Amino acid sequence: MYWLTEGIHEAQNRWMIRIQHLCHDYPGVRVLRDVSLQLDAGSITALVGPNGAGKTTLMRCLCGLERPLSGSIEVDGIDVIEEPRRSHERIGYLADFFGVYETLSVAQCLRYAAAANGLHHGLDARVSETATALGLADRMTQAAGTLSRGLRQRLAIAQAIIHRPRVLVLDEPAAGLDPEARIALAALLRDLQAQGMTLLVSSHILAELEAYATHMLIIEAGRVLPLQALALAPAVAASRQLLLTLAAPAPTAPLVLAAQPGVAAVRQDGSLLHFEFHGDLSAQSALLAALLAQQLPVAALQTVTTDLQQRYLDTLNDRRGVHES
C-alpha cells in the first residue's frame, strides 16, 4: 500500500492533531470540558471511556461535524473550526453507524466518495488503488448491499481514505464484526499506520485496541486524562518489570538475582521471581548469561506487560482514589 505515503505531511513538532481548551454543550449539558491534547503524527490512539463520556462528540468536533462552544482544533496545521472544508481534505471519518449506498456497486461507491472529496482527475486509478489496498479488487461489480459485514466495513474505510487523508478517525470500527473480520481490521489499521497515517480509534473492546494502538487517551465525564504511551521497546525502556521462572527449587535464587547489575525489588512467589530491571536488551542478555553461569535452573525470562483493560481500570481507580482522599 505504498500509495498512502504520497503527500504525507511532516507535521511541525511531530504532532498531527492539537486541541486546546475545547468545550462543547448540548442543551442543558456540558459534554466536553476544557479538553486539551496533542497526538503525534503516525500514532494510533485508542480513545476509551464510559458511555456518555464524550468520545463521539470529541471525534465529531475533530472532524468539523460539530462546532464547539469554545477552544481550538488543528489537524495538520489547519484550523478545523475556521476552515472545516479545507480540513476535510486531511481527515477520513468512519462513524459508529456508517452507511453505504446498498444499490450501488463497490466501484460506484468508491467513485462517488472520490468525487465528493473533490477528486476528478485520475479518479479511476485512485479507485482501483484503494480497492486493491482494502482487499476489494474482486468485488468491484458487486452491490454494496450484498457484502458481508466485514466487507462493508472495508468498503466504508475505503471511502474514508480514498482522498488520502493524513488522519483517520474511527468510531467503534469493530462493532458487529466476527472474530476473523476483527483480526483483519487490526491488520489493516496497522498497515495504514505503517504508511504514515495518524489514527484515532474509539472502541469498548479494549482487548482489540491492544492489538494495534500505540497510545491510550481516556475521557471521563467530558474531561481527558493525560495521554499514555502503551509500550516502549525493551531496548529503550528505562525500567521494566521482568519475570524469572525456575524449573526447580533454588533457595539461593533471590539472593543471586538481587546481586546482579540493574536488578531491584526482587519478590519471590514459588518458582516465580518478579523484579524490576534497569537496562537495555544487551544488559538483559548479560543478566541471563550470569544467572545460568550461577547454575540457576532458569526455565524462562520474560517482560511483564499490563493489558490495556487493566491499565484503563488502574488509571480510573487511581484518579477516583485521589478525588476521594
# chains A, B, ... in the order shown; residues from 1 in each chain; ligands from 1
call {"tool": "residues_around", "arguments": {"residues": "Leu206 (chain A)", "least_positions_apart": "6", "cutoff": "10 Å", "atoms": "only C-alpha atoms", "output": "list in words"}}
result
Ala46, Leu47, Val48, Ala213, Asp307, Leu308, Gln309, Gln310 and Tyr312 of chain A
call {"tool": "residues_around", "arguments": {"residues": "Ile219 (chain A)", "least_positions_apart": "5", "cutoff": "12 Å", "atoms": "only C-alpha atoms", "output": "PyMOL selection string"}}
result
chain A and resi 31-37+46-59+202+224-227+312+315-316+319
call {"tool": "write_last_selection", "arguments": {"atoms": "N, CA and C atoms", "output": "compact mmCIF listing (two decimals), in the first residue's frame"}}
result
# COMPACT_ATOMS: atom_id res chain seq x y z
N VAL A 31 -20.80 18.64 27.51
CA VAL A 31 -20.32 17.31 27.11
C VAL A 31 -18.81 17.25 27.12
N LEU A 32 -18.13 18.29 26.69
CA LEU A 32 -16.66 18.37 26.71
C LEU A 32 -16.24 19.54 27.59
N ARG A 33 -15.29 19.28 28.48
CA ARG A 33 -14.89 20.27 29.47
C ARG A 33 -13.39 20.56 29.38
N ASP A 34 -13.04 21.66 28.76
CA ASP A 34 -11.66 22.14 28.71
C ASP A 34 -10.68 21.04 28.24
N VAL A 35 -11.01 20.42 27.11
CA VAL A 35 -10.20 19.33 26.57
C VAL A 35 -8.98 19.88 25.84
N SER A 36 -7.81 19.44 26.22
CA SER A 36 -6.56 19.80 25.53
C SER A 36 -5.74 18.54 25.33
N LEU A 37 -5.21 18.36 24.12
CA LEU A 37 -4.39 17.18 23.83
C LEU A 37 -3.60 17.40 22.55
N ALA A 46 -5.97 5.00 21.05
CA ALA A 46 -7.23 4.40 21.49
C ALA A 46 -7.94 5.40 22.38
N LEU A 47 -9.12 5.83 21.96
CA LEU A 47 -9.94 6.74 22.75
C LEU A 47 -10.95 5.91 23.52
N VAL A 48 -10.82 5.87 24.84
CA VAL A 48 -11.66 4.98 25.65
C VAL A 48 -12.30 5.76 26.79
N GLY A 49 -13.43 5.24 27.24
CA GLY A 49 -14.15 5.85 28.34
C GLY A 49 -15.55 5.28 28.43
N PRO A 50 -16.26 5.56 29.52
CA PRO A 50 -17.61 5.02 29.71
C PRO A 50 -18.58 5.60 28.67
N ASN A 51 -19.74 4.95 28.53
CA ASN A 51 -20.80 5.51 27.70
C ASN A 51 -21.17 6.90 28.20
N GLY A 52 -21.34 7.83 27.25
CA GLY A 52 -21.71 9.19 27.62
C GLY A 52 -20.56 10.06 28.07
N ALA A 53 -19.33 9.55 27.96
CA ALA A 53 -18.17 10.33 28.42
C ALA A 53 -17.81 11.47 27.47
N GLY A 54 -18.24 11.38 26.20
CA GLY A 54 -17.94 12.43 25.24
C GLY A 54 -17.07 11.99 24.08
N LYS A 55 -16.87 10.68 23.90
CA LYS A 55 -15.96 10.18 22.87
C LYS A 55 -16.44 10.58 21.46
N THR A 56 -17.69 10.25 21.16
CA THR A 56 -18.20 10.55 19.81
C THR A 56 -18.26 12.04 19.56
N THR A 57 -18.64 12.82 20.56
CA THR A 57 -18.69 14.28 20.39
C THR A 57 -17.30 14.83 20.11
N LEU A 58 -16.29 14.34 20.82
CA LEU A 58 -14.92 14.79 20.58
C LEU A 58 -14.50 14.46 19.16
N MET A 59 -14.82 13.26 18.69
CA MET A 59 -14.46 12.87 17.33
C MET A 59 -15.17 13.75 16.30
N SER A 202 -12.00 4.82 18.57
CA SER A 202 -12.81 4.63 19.76
C SER A 202 -13.41 3.24 19.75
N VAL A 224 -10.43 14.84 29.52
CA VAL A 224 -9.44 13.85 29.12
C VAL A 224 -8.34 13.77 30.18
N LEU A 225 -7.86 12.55 30.40
CA LEU A 225 -6.72 12.33 31.27
C LEU A 225 -5.45 12.37 30.43
N PRO A 226 -4.27 12.47 31.05
CA PRO A 226 -3.04 12.55 30.27
C PRO A 226 -2.87 11.37 29.32
N LEU A 227 -2.40 11.66 28.12
CA LEU A 227 -2.17 10.64 27.11
C LEU A 227 -1.12 9.64 27.61
N TYR A 312 -6.46 0.72 31.89
CA TYR A 312 -7.61 1.62 31.91
C TYR A 312 -8.26 1.62 33.29
N THR A 315 -5.99 3.26 35.92
CA THR A 315 -5.96 4.71 35.78
C THR A 315 -7.20 5.34 36.40
N LEU A 316 -8.37 4.78 36.11
CA LEU A 316 -9.60 5.31 36.67
C LEU A 316 -9.65 5.14 38.18
N ARG A 319 -7.38 7.70 39.77
CA ARG A 319 -7.96 9.04 39.70
C ARG A 319 -9.07 9.20 40.74
call {"tool": "select_by_dssp", "arguments": {"residues": "region 176-228 of chain A", "states": "strand (DSSP E)", "output": "list in words"}}
result
Thr198, Leu199, Leu200, Val201, Ser202, His215, Met216, Leu217, Ile218, Ile219, Glu220, Arg223, Val224 and Gln228 of chain A
call {"tool": "write_last_selection", "arguments": {"atoms": "N, CA and C atoms", "output": "mmCIF file, in the first residue's frame"}}
result
data_model
loop_
_atom_site.group_PDB
_atom_site.id
_atom_site.type_symbol
_atom_site.label_atom_id
_atom_site.label_comp_id
_atom_site.auth_asym_id
_atom_site.auth_seq_id
_atom_site.Cartn_x
_atom_site.Cartn_y
_atom_site.Cartn_z
ATOM 1 N N THR A 198 -2.161 8.837 10.657
ATOM 2 C CA THR A 198 -2.404 9.001 12.085
ATOM 3 C C THR A 198 -3.839 8.585 12.361
ATOM 4 N N LEU A 199 -4.054 7.712 13.354
ATOM 5 C CA LEU A 199 -5.389 7.167 13.600
ATOM 6 C C LEU A 199 -5.846 7.463 15.020
ATOM 7 N N LEU A 200 -7.138 7.771 15.130
ATOM 8 C CA LEU A 200 -7.809 7.893 16.424
ATOM 9 C C LEU A 200 -8.987 6.932 16.390
ATOM 10 N N VAL A 201 -8.990 5.955 17.311
ATOM 11 C CA VAL A 201 -9.968 4.873 17.263
ATOM 12 C C VAL A 201 -10.683 4.764 18.604
ATOM 13 N N SER A 202 -12.005 4.821 18.565
ATOM 14 C CA SER A 202 -12.808 4.634 19.765
ATOM 15 C C SER A 202 -13.409 3.242 19.749
ATOM 16 N N HIS A 215 -1.069 4.414 21.721
ATOM 17 C CA HIS A 215 -1.341 5.294 22.855
ATOM 18 C C HIS A 215 -2.780 5.094 23.324
ATOM 19 N N MET A 216 -3.037 5.467 24.567
ATOM 20 C CA MET A 216 -4.383 5.418 25.120
ATOM 21 C C MET A 216 -4.751 6.787 25.664
ATOM 22 N N LEU A 217 -5.942 7.255 25.277
ATOM 23 C CA LEU A 217 -6.477 8.524 25.767
ATOM 24 C C LEU A 217 -7.806 8.233 26.433
ATOM 25 N N ILE A 218 -7.883 8.461 27.729
ATOM 26 C CA ILE A 218 -9.106 8.201 28.486
ATOM 27 C C ILE A 218 -9.894 9.493 28.620
ATOM 28 N N ILE A 219 -11.192 9.396 28.349
ATOM 29 C CA ILE A 219 -12.085 10.529 28.571
ATOM 30 C C ILE A 219 -13.152 10.100 29.560
ATOM 31 N N GLU A 220 -13.370 10.942 30.558
ATOM 32 C CA GLU A 220 -14.345 10.634 31.610
ATOM 33 C C GLU A 220 -15.095 11.905 31.950
ATOM 34 N N ARG A 223 -13.888 15.138 30.341
ATOM 35 C CA ARG A 223 -12.508 15.576 30.557
ATOM 36 C C ARG A 223 -11.548 14.466 30.123
ATOM 37 N N VAL A 224 -10.428 14.844 29.517
ATOM 38 C CA VAL A 224 -9.439 13.850 29.124
ATOM 39 C C VAL A 224 -8.344 13.771 30.179
ATOM 40 N N GLN A 228 -1.370 8.346 27.409
ATOM 41 C CA GLN A 228 -0.439 7.307 27.858
ATOM 42 C C GLN A 228 0.126 6.551 26.667
#
call {"tool": "residues_around", "arguments": {"residues": "Leu189 (chain A)", "least_positions_apart": "3", "cutoff": "9 Å", "atoms": "only C-alpha atoms", "output": "list of chain:residue names"}}
result
A:Ile44, A:Ala184, A:Leu185, A:Ala186, A:Leu192, A:Gln193, A:Ala194, A:Leu199, A:Tyr212
call {"tool": "write_last_selection", "arguments": {"atoms": "C-alpha atoms", "output": "short mmCIF file (atom, residue, chain, number, x, y, z; two decimals), in the first residue's frame"}}
result
data_model
loop_
_atom_site.label_atom_id
_atom_site.label_comp_id
_atom_site.auth_asym_id
_atom_site.auth_seq_id
_atom_site.Cartn_x
_atom_site.Cartn_y
_atom_site.Cartn_z
CA ILE A 44 -2.71 5.08 16.70
CA ALA A 184 -8.30 -8.50 9.59
CA LEU A 185 -9.36 -5.00 10.70
CA ALA A 186 -6.49 -4.81 13.21
CA LEU A 192 -2.41 2.26 7.42
CA GLN A 193 -0.21 3.45 10.27
CA ALA A 194 2.87 1.94 8.60
CA LEU A 199 -5.39 7.17 13.60
CA TYR A 212 -2.74 -2.05 17.26
#
call {"tool": "atom_distance", "arguments": {"atom1": "CA of Gln302 (chain A)", "atom2": "CA of Val263 (chain A)"}}
result
14.0 Å
call {"tool": "residues_around", "arguments": {"residues": "Ile183 (chain A)", "least_positions_apart": "4", "cutoff": "12 Å", "atoms": "only C-alpha atoms", "output": "PyMOL selection string"}}
result
chain A and resi 150+173-174+177-179+187-190+207-212
call {"tool": "write_last_selection", "arguments": {"atoms": "C-alpha atoms", "output": "PDB file, in the first residue's frame"}}
result
ATOM      1  CA  GLY A 150     -16.661  -7.272   7.287  1.00  0.00           C
ATOM      2  CA  PRO A 173     -14.988   0.153  13.908  1.00  0.00           C
ATOM      3  CA  ALA A 174     -15.121  -3.450  15.179  1.00  0.00           C
ATOM      4  CA  LEU A 177     -17.658  -7.972  13.177  1.00  0.00           C
ATOM      5  CA  ASP A 178     -16.912 -11.676  13.616  1.00  0.00           C
ATOM      6  CA  PRO A 179     -13.529 -12.698  15.122  1.00  0.00           C
ATOM      7  CA  ALA A 187      -4.016  -5.803  10.499  1.00  0.00           C
ATOM      8  CA  LEU A 188      -5.479  -3.188   8.160  1.00  0.00           C
ATOM      9  CA  LEU A 189      -5.142  -0.399  10.740  1.00  0.00           C
ATOM     10  CA  ARG A 190      -1.524  -1.365  11.404  1.00  0.00           C
ATOM     11  CA  ALA A 207      -8.552  -6.211  24.026  1.00  0.00           C
ATOM     12  CA  GLU A 208      -8.784  -5.441  20.311  1.00  0.00           C
ATOM     13  CA  LEU A 209      -7.428  -1.908  20.657  1.00  0.00           C
ATOM     14  CA  GLU A 210      -4.436  -3.505  22.337  1.00  0.00           C
ATOM     15  CA  ALA A 211      -3.599  -5.287  19.063  1.00  0.00           C
ATOM     16  CA  TYR A 212      -2.738  -2.047  17.264  1.00  0.00           C
TER      17      TYR A 212
END
call {"tool": "residues_around", "arguments": {"residues": "region 239-248 of chain A", "least_positions_apart": "5", "cutoff": "12 Å", "atoms": "only C-alpha atoms", "output": "PyMOL selection string"}}
result
chain A and resi 231-234+253-254+257+262-281+283-284+287-288+291-292+295-306
call {"tool": "write_last_selection", "arguments": {"atoms": "N, CA and C atoms", "output": "compact mmCIF listing (two decimals), in the first residue's frame"}}
result
# COMPACT_ATOMS: atom_id res chain seq x y z
N ALA A 231 3.39 1.23 25.12
CA ALA A 231 4.55 0.33 25.20
C ALA A 231 5.79 1.06 24.79
N LEU A 232 6.90 0.68 25.42
CA LEU A 232 8.22 1.10 25.00
C LEU A 232 8.99 -0.11 24.54
N ALA A 233 9.75 0.02 23.51
CA ALA A 233 10.59 -1.10 23.08
C ALA A 233 11.55 -1.44 24.21
N PRO A 234 11.73 -2.73 24.51
CA PRO A 234 12.61 -3.12 25.60
C PRO A 234 14.00 -2.51 25.50
N ALA A 253 18.25 -18.48 44.81
CA ALA A 253 17.92 -17.70 43.61
C ALA A 253 17.63 -16.23 43.89
N PRO A 254 16.81 -15.88 44.92
CA PRO A 254 16.54 -14.45 45.15
C PRO A 254 17.80 -13.66 45.46
N LEU A 257 19.94 -13.35 42.23
CA LEU A 257 19.31 -12.40 41.31
C LEU A 257 19.49 -10.96 41.80
N GLY A 262 21.61 -3.85 37.77
CA GLY A 262 20.34 -3.43 37.18
C GLY A 262 19.11 -4.05 37.80
N VAL A 263 19.28 -4.98 38.75
CA VAL A 263 18.14 -5.68 39.35
C VAL A 263 17.73 -5.00 40.65
N ALA A 264 16.42 -4.84 40.86
CA ALA A 264 15.91 -4.24 42.09
C ALA A 264 14.55 -4.84 42.42
N ALA A 265 14.15 -4.70 43.68
CA ALA A 265 12.81 -5.08 44.13
C ALA A 265 12.45 -6.51 43.77
N VAL A 266 13.29 -7.46 44.16
CA VAL A 266 13.04 -8.87 43.87
C VAL A 266 11.96 -9.40 44.81
N ARG A 267 10.99 -10.11 44.22
CA ARG A 267 9.92 -10.70 45.01
C ARG A 267 9.67 -12.11 44.51
N GLN A 268 9.68 -13.10 45.44
CA GLN A 268 9.52 -14.50 45.05
C GLN A 268 8.10 -14.98 45.33
N ASP A 269 7.57 -15.73 44.38
CA ASP A 269 6.26 -16.37 44.52
C ASP A 269 6.40 -17.80 44.01
N GLY A 270 6.82 -18.70 44.89
CA GLY A 270 7.06 -20.08 44.50
C GLY A 270 8.22 -20.16 43.52
N SER A 271 7.97 -20.68 42.33
CA SER A 271 9.02 -20.81 41.32
C SER A 271 9.17 -19.55 40.46
N LEU A 272 8.42 -18.51 40.79
CA LEU A 272 8.45 -17.27 40.03
C LEU A 272 9.17 -16.18 40.82
N LEU A 273 10.05 -15.46 40.13
CA LEU A 273 10.75 -14.33 40.74
C LEU A 273 10.40 -13.07 39.95
N HIS A 274 9.70 -12.15 40.61
CA HIS A 274 9.35 -10.87 40.00
C HIS A 274 10.41 -9.85 40.38
N PHE A 275 10.81 -9.01 39.43
CA PHE A 275 11.80 -7.98 39.78
C PHE A 275 11.77 -6.85 38.76
N GLU A 276 12.34 -5.73 39.18
CA GLU A 276 12.47 -4.56 38.32
C GLU A 276 13.86 -4.56 37.71
N PHE A 277 13.93 -4.25 36.43
CA PHE A 277 15.24 -4.29 35.75
C PHE A 277 15.49 -2.98 35.02
N HIS A 278 16.69 -2.43 35.22
CA HIS A 278 17.14 -1.22 34.54
C HIS A 278 18.24 -1.62 33.57
N GLY A 279 17.98 -1.45 32.27
CA GLY A 279 18.99 -1.81 31.28
C GLY A 279 18.36 -2.13 29.94
N ASP A 280 19.19 -2.13 28.89
CA ASP A 280 18.68 -2.42 27.55
C ASP A 280 18.71 -3.93 27.30
N LEU A 281 18.45 -4.31 26.04
CA LEU A 281 18.41 -5.73 25.71
C LEU A 281 19.76 -6.41 25.88
N ALA A 283 21.98 -5.64 28.15
CA ALA A 283 22.13 -5.86 29.60
C ALA A 283 21.26 -7.02 30.06
N GLN A 284 20.08 -7.16 29.47
CA GLN A 284 19.21 -8.28 29.83
C GLN A 284 19.83 -9.61 29.41
N LEU A 287 22.44 -10.45 31.88
CA LEU A 287 21.83 -10.92 33.11
C LEU A 287 21.49 -12.41 33.00
N LEU A 288 20.89 -12.81 31.90
CA LEU A 288 20.53 -14.21 31.72
C LEU A 288 21.76 -15.10 31.71
N LEU A 291 23.02 -15.55 35.29
CA LEU A 291 22.20 -16.45 36.09
C LEU A 291 22.44 -17.92 35.73
N LEU A 292 22.60 -18.18 34.43
CA LEU A 292 22.90 -19.54 34.01
C LEU A 292 24.29 -19.97 34.49
N GLN A 295 24.45 -21.49 37.76
CA GLN A 295 23.77 -22.79 37.83
C GLN A 295 22.33 -22.70 38.31
N LEU A 296 21.69 -21.54 38.12
CA LEU A 296 20.27 -21.45 38.46
C LEU A 296 19.46 -22.17 37.38
N PRO A 297 18.43 -22.94 37.78
CA PRO A 297 17.61 -23.69 36.80
C PRO A 297 16.58 -22.78 36.13
N VAL A 298 17.06 -21.89 35.26
CA VAL A 298 16.18 -20.90 34.61
C VAL A 298 15.37 -21.59 33.52
N ALA A 299 14.04 -21.47 33.61
CA ALA A 299 13.16 -22.01 32.56
C ALA A 299 12.73 -20.92 31.60
N ALA A 300 12.59 -19.67 32.10
CA ALA A 300 12.13 -18.58 31.23
C ALA A 300 12.43 -17.24 31.89
N LEU A 301 12.68 -16.23 31.04
CA LEU A 301 12.84 -14.85 31.49
C LEU A 301 12.02 -13.99 30.54
N GLN A 302 11.04 -13.27 31.06
CA GLN A 302 10.14 -12.54 30.19
C GLN A 302 9.75 -11.20 30.78
N THR A 303 9.32 -10.30 29.89
CA THR A 303 8.82 -8.99 30.31
C THR A 303 7.38 -9.12 30.75
N VAL A 304 7.04 -8.47 31.87
CA VAL A 304 5.67 -8.48 32.37
C VAL A 304 4.95 -7.26 31.78
N THR A 305 3.87 -7.51 31.08
CA THR A 305 3.09 -6.42 30.49
C THR A 305 1.72 -6.36 31.13
N THR A 306 1.16 -5.15 31.17
CA THR A 306 -0.19 -4.95 31.68
C THR A 306 -1.12 -4.71 30.50
call {"tool": "select_by_dssp", "arguments": {"residues": "region 59-248 of chain A", "states": "alpha helix (DSSP H)", "output": "PyMOL selection string"}}
result
chain A and resi 59-62+84-88+106-116+123-133+149-161+179-194+206-209
call {"tool": "atom_distance", "arguments": {"atom1": "CA of Gln159 (chain A)", "atom2": "CA of Val80 (chain A)"}}
result
20.7 Å
call {"tool": "atom_distance", "arguments": {"atom1": "CA of Arg139 (chain A)", "atom2": "CA of Glu180 (chain A)"}}
result
18.8 Å
call {"tool": "residues_around", "arguments": {"residues": "Met16 (chain A)", "least_positions_apart": "5", "cutoff": "9 Å", "atoms": "only C-alpha atoms", "output": "MDAnalysis selection string"}}
result
chainID A and resid 9:11 38:42 74:77 166:167 198
call {"tool": "write_last_selection", "arguments": {"atoms": "C-alpha atoms", "output": "PDB file, in the first residue's frame"}}
result
ATOM      1  CA  HIS A   9       2.960  15.972   5.543  1.00  0.00           C
ATOM      2  CA  GLU A  10       5.757  16.344   8.067  1.00  0.00           C
ATOM      3  CA  ALA A  11       3.809  17.956  10.902  1.00  0.00           C
ATOM      4  CA  GLN A  38      -1.752  16.572  21.175  1.00  0.00           C
ATOM      5  CA  LEU A  39      -1.415  13.408  19.084  1.00  0.00           C
ATOM      6  CA  ASP A  40       1.819  12.615  17.269  1.00  0.00           C
ATOM      7  CA  ALA A  41       1.952  12.010  13.546  1.00  0.00           C
ATOM      8  CA  GLY A  42       1.942   8.293  12.745  1.00  0.00           C
ATOM      9  CA  GLU A  74      -5.843  21.909  14.444  1.00  0.00           C
ATOM     10  CA  VAL A  75      -5.243  18.986  12.094  1.00  0.00           C
ATOM     11  CA  ASP A  76      -2.010  19.001  10.101  1.00  0.00           C
ATOM     12  CA  GLY A  77      -1.676  22.715  10.848  1.00  0.00           C
ATOM     13  CA  ARG A 166      -3.434  12.391   6.907  1.00  0.00           C
ATOM     14  CA  VAL A 167      -5.789  11.463   9.766  1.00  0.00           C
ATOM     15  CA  THR A 198      -2.404   9.001  12.085  1.00  0.00           C
TER      16      THR A 198
END
